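So this one's coords-v7.tsv, TSV, C-alpha atoms:
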chain	number	residue	atom	x	y	z
L	831	MET	CA	34.29	131.02	28.07
L	832	GLN	CA	34.16	134.59	29.26
L	833	ARG	CA	37.32	134.38	31.27
L	834	ARG	CA	40.96	134.19	30.36
L	835	SER	CA	42.51	130.83	31.01
L	836	LEU	CA	44.45	130.73	34.21
L	837	GLU	CA	46.55	127.75	33.26
L	838	GLY	CA	49.57	129.93	33.80
L	839	SER	CA	48.44	131.02	37.26
L	840	LEU	CA	50.23	129.48	40.20
L	841	CYS	CA	47.41	130.25	42.64
L	842	PRO	CA	46.04	126.94	43.95
L	843	ILE	CA	42.51	128.35	44.17
L	844	ALA	CA	42.59	129.53	40.56
L	845	ARG	CA	43.90	126.17	39.46
L	846	SER	CA	41.27	124.25	41.37
L	847	LEU	CA	38.54	126.40	39.88
L	848	GLU	CA	40.04	125.88	36.44
L	849	ARG	CA	39.33	122.16	36.87
L	850	VAL	CA	36.10	122.06	38.85
L	851	GLY	CA	34.92	125.68	38.90
L	852	GLU	CA	31.92	125.08	36.71
L	853	TRP	CA	28.76	124.95	38.74
L	854	TRP	CA	27.70	121.72	37.01
L	855	SER	CA	31.00	120.02	37.71
L	856	MET	CA	30.60	120.54	41.43
L	857	MET	CA	27.03	119.24	41.33
L	858	ILE	CA	28.24	116.12	39.50
L	859	LEU	CA	30.90	115.63	42.17
L	860	ARG	CA	28.26	116.02	44.88
L	861	ASP	CA	26.19	113.29	43.23
L	862	ALA	CA	29.27	111.09	42.81
L	863	PHE	CA	29.85	111.36	46.55
L	864	HIS	CA	26.23	110.22	46.94
L	865	GLY	CA	27.07	107.08	44.97
L	866	LEU	CA	25.77	108.02	41.52
L	867	THR	CA	27.91	106.54	38.75
L	868	ARG	CA	25.83	106.37	35.56
L	869	PHE	CA	25.04	108.91	32.90
L	870	ASP	CA	21.28	108.54	33.25
L	871	GLN	CA	21.50	108.77	37.06
L	872	PHE	CA	23.34	112.10	36.86
L	873	GLN	CA	20.94	113.27	34.20
L	874	ARG	CA	17.84	112.46	36.26
L	875	SER	CA	19.33	113.94	39.40
L	876	LEU	CA	20.52	117.18	37.85
L	877	GLU	CA	18.00	117.63	35.01
L	878	ILE	CA	20.91	118.61	32.82
L	879	ALA	CA	21.04	118.52	29.02
L	880	PRO	CA	22.84	115.40	27.74
L	881	ASN	CA	25.46	117.32	25.72
L	882	MET	CA	26.24	119.48	28.75
L	883	LEU	CA	26.49	116.43	31.01
L	884	THR	CA	28.80	114.68	28.51
L	885	ARG	CA	31.04	117.74	28.41
L	886	ARG	CA	31.22	118.04	32.18
L	887	LEU	CA	31.84	114.33	32.74
L	888	ASN	CA	34.62	114.39	30.13
L	889	GLY	CA	36.11	117.43	31.84
L	890	LEU	CA	36.14	115.71	35.22
L	891	VAL	CA	37.69	112.59	33.66
L	892	GLU	CA	40.40	114.69	31.94
L	893	ALA	CA	41.07	116.54	35.19
L	894	GLY	CA	41.54	113.19	36.91
L	895	LEU	CA	38.65	113.44	39.37
L	896	LEU	CA	36.48	110.73	37.77
L	897	GLU	CA	37.45	107.62	35.86
L	898	ARG	CA	35.45	105.58	33.40
L	899	ARG	CA	34.76	101.91	34.08
L	900	ARG	CA	33.08	99.99	31.32
L	901	TYR	CA	30.11	98.02	32.61
L	902	SER	CA	28.52	97.09	29.28
L	903	ALA	CA	30.27	96.30	26.00
L	904	ARG	CA	27.15	96.34	23.83
L	905	PRO	CA	25.92	98.99	23.96
L	906	PRO	CA	29.12	100.62	25.28
L	907	ARG	CA	28.33	102.06	28.70
L	908	ASP	CA	30.61	103.43	31.41
L	909	ASP	CA	30.38	104.02	35.11
L	910	TYR	CA	31.93	107.28	36.29
L	911	VAL	CA	33.73	106.64	39.54
L	912	LEU	CA	35.59	109.03	41.84
L	913	THR	CA	39.38	108.63	41.71
L	914	ALA	CA	41.61	109.23	44.74
L	915	ARG	CA	42.00	112.82	43.53
L	916	GLY	CA	38.23	113.14	43.23
L	917	ARG	CA	37.57	111.68	46.67
L	918	ASP	CA	40.10	114.12	48.07
L	919	PHE	CA	37.76	116.93	46.98
L	920	TRP	CA	35.40	115.91	49.82
L	921	PRO	CA	36.54	118.65	52.26
L	922	VAL	CA	35.57	121.31	49.71
L	923	MET	CA	32.08	119.77	49.47
L	924	VAL	CA	31.77	119.64	53.24
L	925	ALA	CA	33.00	123.22	53.65
L	926	MET	CA	30.51	124.41	51.05
L	927	ALA	CA	27.62	122.47	52.60
L	928	SER	CA	28.46	123.82	56.06
L	929	TRP	CA	28.50	127.38	54.81
L	930	GLY	CA	25.19	126.82	53.03
L	931	ASN	CA	23.65	125.33	56.15
L	932	ARG	CA	24.79	128.24	58.29
L	933	HIS	CA	23.74	131.02	55.94
L	934	LEU	CA	21.14	129.83	53.47
L	935	ALA	CA	19.06	127.12	55.19
L	936	HIS	CA	16.07	129.31	55.96
L	937	GLU	CA	13.73	126.32	56.33
L	938	GLY	CA	16.16	124.43	58.54
L	939	ILE	CA	18.82	121.86	57.72
L	940	ALA	CA	17.91	119.54	54.83
L	941	SER	CA	21.24	117.76	54.43
L	942	GLN	CA	24.14	117.46	56.80
L	943	VAL	CA	27.32	115.51	57.44
L	944	VAL	CA	26.94	112.61	59.88
L	945	ASP	CA	29.09	109.78	61.19
L	946	ALA	CA	28.60	106.96	58.66
L	947	VAL	CA	28.22	104.36	61.39
L	948	THR	CA	26.45	106.06	64.29
L	949	GLY	CA	24.58	108.75	62.34
L	950	ALA	CA	25.74	111.35	64.87
L	951	VAL	CA	25.66	114.82	63.34
L	952	ALA	CA	29.17	116.20	62.75
L	953	GLU	CA	30.23	119.79	63.21
L	954	PRO	CA	32.74	120.34	60.39
L	955	VAL	CA	35.54	122.77	61.15
L	956	MET	CA	38.88	123.40	59.53
L	957	VAL	CA	41.90	123.07	61.80
L	958	ASP	CA	45.65	123.16	61.46
L	959	ALA	CA	46.63	119.49	61.80
L	960	THR	CA	50.03	120.46	63.18
L	961	THR	CA	48.67	122.43	66.14
L	962	GLY	CA	44.97	121.50	66.28
L	963	ARG	CA	44.13	125.20	66.27
L	964	ARG	CA	40.97	126.41	64.50
L	965	LEU	CA	41.97	127.61	61.05
L	966	ASP	CA	40.00	130.86	60.93
L	967	GLU	CA	40.56	133.89	58.74
L	968	THR	CA	41.89	136.08	61.53
L	969	GLY	CA	44.68	133.80	62.74
L	970	TYR	CA	45.76	132.50	59.34
L	971	VAL	CA	46.55	134.03	55.97
L	972	PHE	CA	47.72	132.97	52.54
L	973	ALA	CA	51.43	133.52	52.01
L	974	ALA	CA	53.85	132.89	49.17
L	975	GLY	CA	55.33	129.38	49.02
L	976	PRO	CA	58.68	128.25	47.62
L	977	ALA	CA	57.39	128.12	44.01
L	978	ALA	CA	55.75	131.58	44.05
L	979	ASP	CA	56.39	133.82	41.08
L	980	ASP	CA	56.35	137.63	40.97
L	981	ALA	CA	52.57	137.80	40.51
L	982	VAL	CA	51.93	135.73	43.64
L	983	ARG	CA	54.53	137.66	45.64
L	984	ARG	CA	53.04	141.01	44.64
L	985	ARG	CA	49.58	139.84	45.70
L	986	MET	CA	50.83	138.59	49.04
L	987	ALA	CA	52.83	141.77	49.67
L	988	PHE	CA	49.72	143.82	48.95
L	989	ALA	CA	47.68	141.69	51.33
L	990	ARG	CA	50.32	142.16	54.04
L	991	ARG	CA	50.23	145.94	53.63
L	992	GLN	CA	46.42	145.93	53.79
L	993	ARG	CA	46.40	143.93	57.00
L	994	GLY	CA	49.00	146.09	58.67
L	995	PRO	CA	50.83	144.79	61.73
L	996	LEU	CA	49.02	141.80	63.16
L	997	GLN	CA	49.01	140.56	66.67
L	998	ARG	CA	47.31	137.42	67.82
L	999	GLU	CA	44.76	138.22	70.52
L	1000	ASP	CA	45.87	135.47	72.85
L	1001	SER	CA	49.47	136.66	72.67
L	1002	LEU	CA	48.41	139.55	74.93
L	1003	GLY	CA	46.83	137.31	77.54
R	1026	MET	CA	22.48	130.65	32.14
R	1027	GLN	CA	22.62	127.10	30.92
R	1028	ARG	CA	21.32	125.62	34.13
R	1029	ARG	CA	17.95	125.58	35.76
R	1030	SER	CA	17.71	127.64	38.88
R	1031	LEU	CA	18.06	125.60	42.01
R	1032	GLU	CA	16.43	128.15	44.25
R	1033	GLY	CA	13.91	125.49	45.17
R	1034	SER	CA	16.61	122.96	46.05
R	1035	LEU	CA	17.20	122.31	49.72
R	1036	CYS	CA	20.70	120.93	49.17
R	1037	PRO	CA	23.19	123.21	50.95
R	1038	ILE	CA	25.83	122.63	48.28
R	1039	ALA	CA	23.44	123.57	45.47
R	1040	ARG	CA	22.42	126.67	47.36
R	1041	SER	CA	25.98	127.74	48.05
R	1042	LEU	CA	26.86	127.29	44.39
R	1043	GLU	CA	23.78	129.28	43.44
R	1044	ARG	CA	25.31	132.25	45.26
R	1045	VAL	CA	29.02	131.90	44.68
R	1046	GLY	CA	29.30	129.12	42.08
R	1047	GLU	CA	30.53	131.36	39.30
R	1048	TRP	CA	34.22	130.99	38.80
R	1049	TRP	CA	34.68	134.76	38.84
R	1050	SER	CA	32.80	135.16	42.10
R	1051	MET	CA	35.18	132.81	43.86
R	1052	MET	CA	38.20	134.61	42.44
R	1053	ILE	CA	36.77	137.93	43.68
R	1054	LEU	CA	36.32	136.40	47.12
R	1055	ARG	CA	39.90	135.14	47.03
R	1056	ASP	CA	41.11	138.65	46.29
R	1057	ALA	CA	38.85	140.09	49.00
R	1058	PHE	CA	40.53	137.76	51.49
R	1059	HIS	CA	43.83	139.19	50.25
R	1060	GLY	CA	42.63	142.66	51.19
R	1061	LEU	CA	41.47	143.99	47.83
R	1062	THR	CA	38.44	146.27	48.15
R	1063	ARG	CA	38.28	148.53	45.09
R	1064	PHE	CA	36.87	148.01	41.64
R	1065	ASP	CA	40.11	148.84	39.87
R	1066	GLN	CA	42.10	146.58	42.21
R	1067	PHE	CA	39.90	143.60	41.38
R	1068	GLN	CA	40.03	144.52	37.70
R	1069	ARG	CA	43.82	144.68	37.62
R	1070	SER	CA	44.19	141.49	39.62
R	1071	LEU	CA	41.71	139.42	37.62
R	1072	GLU	CA	41.97	141.07	34.17
R	1073	ILE	CA	38.21	140.87	34.01
R	1074	ALA	CA	35.91	142.95	31.79
R	1075	PRO	CA	34.36	145.88	33.71
R	1076	ASN	CA	30.74	144.88	32.98
R	1077	MET	CA	31.46	141.31	34.13
R	1078	LEU	CA	33.16	142.57	37.29
R	1079	THR	CA	30.23	144.89	38.04
R	1080	ARG	CA	27.79	142.02	37.65
R	1081	ARG	CA	29.79	139.69	39.90
R	1082	LEU	CA	30.34	142.34	42.59
R	1083	ASN	CA	26.61	143.15	42.56
R	1084	GLY	CA	25.84	139.44	42.86
R	1085	LEU	CA	28.12	139.04	45.86
R	1086	VAL	CA	26.59	142.13	47.49
R	1087	GLU	CA	23.05	140.81	46.88
R	1088	ALA	CA	24.04	137.42	48.27
R	1089	GLY	CA	25.33	139.17	51.40
R	1090	LEU	CA	28.99	138.20	51.08
R	1091	LEU	CA	30.28	141.69	50.30
R	1092	GLU	CA	29.03	145.09	51.36
R	1093	ARG	CA	29.56	148.48	49.77
R	1094	ARG	CA	31.21	151.25	51.76
R	1095	ARG	CA	31.31	154.64	50.11
R	1096	TYR	CA	34.79	156.14	50.20
R	1097	SER	CA	34.29	158.99	47.74
R	1098	ALA	CA	31.14	161.06	47.20
R	1099	ARG	CA	32.30	162.78	44.02
R	1100	PRO	CA	32.85	160.75	41.95
R	1101	PRO	CA	30.79	158.11	43.78
R	1102	ARG	CA	33.13	155.24	44.64
R	1103	ASP	CA	32.64	152.23	46.89
R	1104	ASP	CA	34.86	149.82	48.71
R	1105	TYR	CA	33.70	146.21	48.58
R	1106	VAL	CA	34.29	144.64	51.97
R	1107	LEU	CA	33.69	141.09	53.18
R	1108	THR	CA	30.70	140.75	55.51
R	1109	ALA	CA	30.59	138.21	58.34
R	1110	ARG	CA	28.87	135.83	55.90
R	1111	GLY	CA	31.60	136.45	53.35
R	1112	ARG	CA	34.41	135.95	55.87
R	1113	ASP	CA	32.75	132.70	56.88
R	1114	PHE	CA	33.44	131.42	53.35
R	1115	TRP	CA	37.14	131.20	54.28
R	1116	PRO	CA	37.13	127.41	54.96
R	1117	VAL	CA	35.90	126.78	51.40
R	1118	MET	CA	38.82	128.85	50.06
R	1119	VAL	CA	41.28	126.99	52.26
R	1120	ALA	CA	39.86	123.59	51.30
R	1121	MET	CA	40.08	124.48	47.63
R	1122	ALA	CA	43.65	125.80	47.94
R	1123	SER	CA	44.73	122.69	49.84
R	1124	TRP	CA	43.29	120.42	47.19
R	1125	GLY	CA	44.97	122.48	44.47
R	1126	ASN	CA	48.29	122.33	46.27
R	1127	ARG	CA	48.06	118.57	46.71
R	1128	HIS	CA	47.00	117.75	43.17
R	1129	LEU	CA	47.86	120.56	40.77
R	1130	ALA	CA	51.02	122.26	42.07
R	1131	HIS	CA	53.40	120.63	39.62
R	1132	GLU	CA	56.03	123.34	40.08
R	1133	GLY	CA	55.79	123.22	43.87
R	1134	ILE	CA	53.70	125.26	46.30
R	1135	ALA	CA	53.19	128.89	45.23
R	1136	SER	CA	50.67	129.93	47.87
R	1137	GLN	CA	49.80	128.34	51.18
R	1138	VAL	CA	48.05	129.00	54.46
R	1139	VAL	CA	50.32	130.14	57.28
R	1140	ASP	CA	49.92	131.36	60.84
R	1141	ALA	CA	49.39	135.12	60.51
R	1142	VAL	CA	51.79	135.89	63.36
R	1143	THR	CA	54.54	133.27	63.20
R	1144	GLY	CA	54.37	132.46	59.48
R	1145	ALA	CA	54.40	128.74	60.32
R	1146	VAL	CA	52.91	126.71	57.47
R	1147	ALA	CA	49.54	125.23	58.42
R	1148	GLU	CA	48.27	121.82	57.39
R	1149	PRO	CA	44.54	122.41	56.83
R	1150	VAL	CA	42.30	119.45	57.63
R	1151	MET	CA	38.58	119.16	58.22
R	1152	VAL	CA	37.60	117.64	61.55
R	1153	ASP	CA	34.41	117.02	63.47
R	1154	ALA	CA	34.54	119.67	66.21
R	1155	THR	CA	32.46	117.47	68.52
R	1156	THR	CA	34.88	114.54	68.48
R	1157	GLY	CA	38.07	115.96	66.92
R	1158	ARG	CA	38.01	113.06	64.45
R	1159	ARG	CA	39.26	113.63	60.87
R	1160	LEU	CA	36.23	114.29	58.70
R	1161	ASP	CA	37.08	112.08	55.73
R	1162	GLU	CA	34.77	110.65	53.09
R	1163	THR	CA	34.93	107.09	54.40
R	1164	GLY	CA	33.87	107.77	57.98
R	1165	TYR	CA	31.28	110.46	57.24
R	1166	VAL	CA	28.40	110.83	54.81
R	1167	PHE	CA	25.70	113.32	53.96
R	1168	ALA	CA	22.35	112.44	55.49
R	1169	ALA	CA	18.91	114.02	55.49
R	1170	GLY	CA	18.33	116.70	58.12
R	1171	PRO	CA	15.07	117.74	59.81
R	1172	ALA	CA	14.02	120.02	56.94
R	1173	ALA	CA	14.67	117.46	54.17
R	1174	ASP	CA	12.00	117.09	51.49
R	1175	ASP	CA	11.25	114.01	49.37
R	1176	ALA	CA	13.93	114.84	46.80
R	1177	VAL	CA	16.66	115.00	49.45
R	1178	ARG	CA	15.39	111.85	51.17
R	1179	ARG	CA	15.34	109.92	47.90
R	1180	ARG	CA	18.93	110.97	47.14
R	1181	MET	CA	20.12	109.96	50.60
R	1182	ALA	CA	18.29	106.62	50.43
R	1183	PHE	CA	19.94	105.93	47.09
R	1184	ALA	CA	23.36	106.80	48.50
R	1185	ARG	CA	22.74	104.46	51.44
R	1186	ARG	CA	21.86	101.59	49.12
R	1187	GLN	CA	24.96	102.24	47.00
R	1188	ARG	CA	27.24	102.21	50.02
R	1189	GLY	CA	25.78	99.00	51.40
R	1190	PRO	CA	26.39	98.09	55.03
R	1191	LEU	CA	29.22	100.15	56.45
R	1192	GLN	CA	31.54	99.35	59.26
R	1193	ARG	CA	34.12	101.67	60.67
R	1194	GLU	CA	37.56	100.12	60.33
R	1195	ASP	CA	38.62	100.91	63.85
R	1196	SER	CA	35.51	99.22	65.24
R	1197	LEU	CA	37.25	95.95	64.42
R	1198	GLY	CA	40.45	96.85	66.23
Would you write out, as structure tokens, the structure that this file holds?
Amino acid sequence: MQRRSLEGSLCPIARSLERVGEWWSMMILRDAFHGLTRFDQFQRSLEIAPNMLTRRLNGLVEAGLLERRRYSARPPRDDYVLTARGRDFWPVMVAMASWGNRHLAHEGIASQVVDAVTGAVAEPVMVDATTGRRLDETGYVFAAGPAADDAVRRRMAFARRQRGPLQREDSLG
Amino acid sequence: MQRRSLEGSLCPIARSLERVGEWWSMMILRDAFHGLTRFDQFQRSLEIAPNMLTRRLNGLVEAGLLERRRYSARPPRDDYVLTARGRDFWPVMVAMASWGNRHLAHEGIASQVVDAVTGAVAEPVMVDATTGRRLDETGYVFAAGPAADDAVRRRMAFARRQRGPLQREDSLG
């Protein structure tokens, strides 16, 4: 590891990355959302070295995103199945796929989110569930929560100074 | 690098990870969204080795998420500023922070998304902009798009078989 551990960090992004921030881990989660469950399925899909795949699967199990389900006693074989915590990672996958489709799909869209029943193509956007307003980076910011420590507060205070006084555009109209 | 390059992959998640999938890159983007722009600011915030930071910043500039703006000619010094493509990565950050807050914030919420003007805490959710429906992993799936190749089609066909026949719950109601 070339980075210090951020176990002590309270930042929810740092913590999430600490658990799933390895490139391989996210690709395994992608495949799990596609229904892959078995070691050899992940291996074929990702062309990943077995020891690396074992390490990543163990990491995702320890982090509570996948769970093992034994499907063969002899030889011992497990399915790796998304837990509730793992399934809840879906919006991150969708957000990443949307960004990739908007900015990196030079040949056109190869994979997209659709309604599971009708097949209608979805247009994924992040909104504030309380107001329904589009959650874009001009109208919303990260701010310290009740459990923030000094490090988080300093970062937020810096960000506030950098932004300067903000005024929502529509508040003028 | 312990992984094969996925430059040839059409999957939008693989491509996104190819550009920003390094743990450090995402932490730099987080700090950029907090208003950090200078090398020494990132270094202090992330406690990252200078050569590693240089490499990551260069990577994000090459990938088009950050751009350099010279603020001092002698010595030559650059600000690193989010481009439109970089700012568009915001929903991924928010999705990751939300997941972290739901599943890893054992001490309580330290950092959260709020309305930039009122400070009201937002509840970030992913919806389908066309219908307004919550974009969860039971009602929506990834499917092949117009530019899909055989590899993508095979993966999607496998996922379809794994899911079996689907029926939306509310279609029974």
Which residues are close to range 1117-1132 of chain R, i.e. within 6 Å by all atoms listed in the file, leaving aside same-chain residues fewer than 5 positions away? Reply as a PDB file with C-alpha atoms, in the frame of the given file.
ATOM      1  CA  PRO L 842      46.040 126.940  43.950  1.00  0.00           C
ATOM      2  CA  ILE L 843      42.510 128.350  44.170  1.00  0.00           C
ATOM      3  CA  SER L 846      41.270 124.250  41.370  1.00  0.00           C
ATOM      4  CA  VAL L 922      35.570 121.310  49.710  1.00  0.00           C
ATOM      5  CA  ALA L 925      33.000 123.220  53.650  1.00  0.00           C
ATOM      6  CA  MET L 926      30.510 124.410  51.050  1.00  0.00           C
TER       7      MET L 926
END
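Interatomic distance, CA of Ala989 in chain L against CA of Gly1060 in chain R: 5.1 Å.
The two atoms in question, CA of Leu896 in chain L and CA of Thr913 in chain L, are spaced 5.3 Å apart.
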Inset, instruction - For chain R, list the residues within 6 Å of chain L, counting all atoms listed in the file, and write the list as a ChimeraX atom specification. - result: /R:1035,1037-1038,1041,1046,1048,1059-1060,1117,1120-1122,1125-1126,1133-1141,1147-1154,1164-1173,1184,1187
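From CA of Arg874 in chain L back to CA of Gly1084 in chain R, the distance works out to 28.9 Å.
For Asp908 in chain L, the list of residues within 8 Å, based on only C-alpha atoms and with local chain neighbours fewer than 5 positions off taken out, reads Arg868, Phe869, Arg898, Arg899, Arg900, Tyr901 and Ser902 of chain L.
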Legend entry - Polymer residues at most 9 Å from Glu1092 in chain R, all atoms listed in the file, same-chain spacing of 2 or more positions, as a PyMOL selection string: chain R and resi 1085-1087+1089-1090+1094+1104-1108
Could you add N, CA and C atoms to range 968-993 of chain L and give me the result as a PDB file, keeping the file's coordinate frame?
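Dumped to out_32.pdb:
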ATOM      1  N   THR L 968      41.176 135.029  60.817  1.00  0.00           N
ATOM      2  CA  THR L 968      41.890 136.080  61.530  1.00  0.00           C
ATOM      3  C   THR L 968      43.286 135.597  61.940  1.00  0.00           C
ATOM      4  N   GLY L 969      43.392 134.322  62.273  1.00  0.00           N
ATOM      5  CA  GLY L 969      44.680 133.800  62.740  1.00  0.00           C
ATOM      6  C   GLY L 969      45.576 133.288  61.629  1.00  0.00           C
ATOM      7  N   TYR L 970      44.989 133.075  60.433  1.00  0.00           N
ATOM      8  CA  TYR L 970      45.760 132.500  59.340  1.00  0.00           C
ATOM      9  C   TYR L 970      45.587 133.322  58.068  1.00  0.00           C
ATOM     10  N   VAL L 971      46.607 133.304  57.244  1.00  0.00           N
ATOM     11  CA  VAL L 971      46.550 134.030  55.970  1.00  0.00           C
ATOM     12  C   VAL L 971      47.223 133.191  54.888  1.00  0.00           C
ATOM     13  N   PHE L 972      46.957 133.564  53.634  1.00  0.00           N
ATOM     14  CA  PHE L 972      47.720 132.970  52.540  1.00  0.00           C
ATOM     15  C   PHE L 972      49.054 133.691  52.418  1.00  0.00           C
ATOM     16  N   ALA L 973      50.110 132.930  52.198  1.00  0.00           N
ATOM     17  CA  ALA L 973      51.430 133.520  52.010  1.00  0.00           C
ATOM     18  C   ALA L 973      52.129 132.810  50.859  1.00  0.00           C
ATOM     19  N   ALA L 974      53.118 133.463  50.290  1.00  0.00           N
ATOM     20  CA  ALA L 974      53.850 132.890  49.170  1.00  0.00           C
ATOM     21  C   ALA L 974      54.583 131.633  49.607  1.00  0.00           C
ATOM     22  N   GLY L 975      54.562 130.601  48.777  1.00  0.00           N
ATOM     23  CA  GLY L 975      55.330 129.380  49.020  1.00  0.00           C
ATOM     24  C   GLY L 975      56.597 129.391  48.198  1.00  0.00           C
ATOM     25  N   PRO L 976      57.371 128.309  48.297  1.00  0.00           N
ATOM     26  CA  PRO L 976      58.680 128.250  47.620  1.00  0.00           C
ATOM     27  C   PRO L 976      58.585 128.441  46.103  1.00  0.00           C
ATOM     28  N   ALA L 977      57.480 128.029  45.482  1.00  0.00           N
ATOM     29  CA  ALA L 977      57.390 128.120  44.010  1.00  0.00           C
ATOM     30  C   ALA L 977      56.679 129.382  43.541  1.00  0.00           C
ATOM     31  N   ALA L 978      56.481 130.356  44.427  1.00  0.00           N
ATOM     32  CA  ALA L 978      55.750 131.580  44.050  1.00  0.00           C
ATOM     33  C   ALA L 978      56.509 132.344  42.977  1.00  0.00           C
ATOM     34  N   ASP L 979      55.772 132.936  42.065  1.00  0.00           N
ATOM     35  CA  ASP L 979      56.390 133.820  41.080  1.00  0.00           C
ATOM     36  C   ASP L 979      56.102 135.273  41.471  1.00  0.00           C
ATOM     37  N   ASP L 980      56.502 136.215  40.625  1.00  0.00           N
ATOM     38  CA  ASP L 980      56.350 137.630  40.970  1.00  0.00           C
ATOM     39  C   ASP L 980      54.891 138.005  41.201  1.00  0.00           C
ATOM     40  N   ALA L 981      53.986 137.441  40.388  1.00  0.00           N
ATOM     41  CA  ALA L 981      52.570 137.800  40.510  1.00  0.00           C
ATOM     42  C   ALA L 981      52.049 137.397  41.897  1.00  0.00           C
ATOM     43  N   VAL L 982      52.375 136.189  42.317  1.00  0.00           N
ATOM     44  CA  VAL L 982      51.930 135.730  43.640  1.00  0.00           C
ATOM     45  C   VAL L 982      52.558 136.594  44.730  1.00  0.00           C
ATOM     46  N   ARG L 983      53.858 136.866  44.608  1.00  0.00           N
ATOM     47  CA  ARG L 983      54.530 137.660  45.640  1.00  0.00           C
ATOM     48  C   ARG L 983      53.954 139.069  45.753  1.00  0.00           C
ATOM     49  N   ARG L 984      53.641 139.663  44.610  1.00  0.00           N
ATOM     50  CA  ARG L 984      53.040 141.010  44.640  1.00  0.00           C
ATOM     51  C   ARG L 984      51.701 140.972  45.367  1.00  0.00           C
ATOM     52  N   ARG L 985      50.891 139.921  45.071  1.00  0.00           N
ATOM     53  CA  ARG L 985      49.580 139.840  45.700  1.00  0.00           C
ATOM     54  C   ARG L 985      49.710 139.662  47.208  1.00  0.00           C
ATOM     55  N   MET L 986      50.645 138.834  47.617  1.00  0.00           N
ATOM     56  CA  MET L 986      50.830 138.590  49.040  1.00  0.00           C
ATOM     57  C   MET L 986      51.372 139.841  49.755  1.00  0.00           C
ATOM     58  N   ALA L 987      52.269 140.554  49.082  1.00  0.00           N
ATOM     59  CA  ALA L 987      52.830 141.770  49.670  1.00  0.00           C
ATOM     60  C   ALA L 987      51.724 142.812  49.847  1.00  0.00           C
ATOM     61  N   PHE L 988      50.849 142.903  48.846  1.00  0.00           N
ATOM     62  CA  PHE L 988      49.720 143.820  48.950  1.00  0.00           C
ATOM     63  C   PHE L 988      48.836 143.452  50.141  1.00  0.00           C
ATOM     64  N   ALA L 989      48.538 142.153  50.240  1.00  0.00           N
ATOM     65  CA  ALA L 989      47.680 141.690  51.330  1.00  0.00           C
ATOM     66  C   ALA L 989      48.317 142.019  52.680  1.00  0.00           C
ATOM     67  N   ARG L 990      49.624 141.859  52.787  1.00  0.00           N
ATOM     68  CA  ARG L 990      50.320 142.160  54.040  1.00  0.00           C
ATOM     69  C   ARG L 990      50.178 143.636  54.393  1.00  0.00           C
ATOM     70  N   ARG L 991      50.360 144.500  53.376  1.00  0.00           N
ATOM     71  CA  ARG L 991      50.230 145.940  53.630  1.00  0.00           C
ATOM     72  C   ARG L 991      48.805 146.280  54.088  1.00  0.00           C
ATOM     73  N   GLN L 992      47.817 145.648  53.441  1.00  0.00           N
ATOM     74  CA  GLN L 992      46.420 145.930  53.790  1.00  0.00           C
ATOM     75  C   GLN L 992      46.115 145.544  55.229  1.00  0.00           C
ATOM     76  N   ARG L 993      46.669 144.406  55.644  1.00  0.00           N
ATOM     77  CA  ARG L 993      46.400 143.930  57.000  1.00  0.00           C
ATOM     78  C   ARG L 993      47.072 144.796  58.046  1.00  0.00           C
TER      79      ARG L 993
END
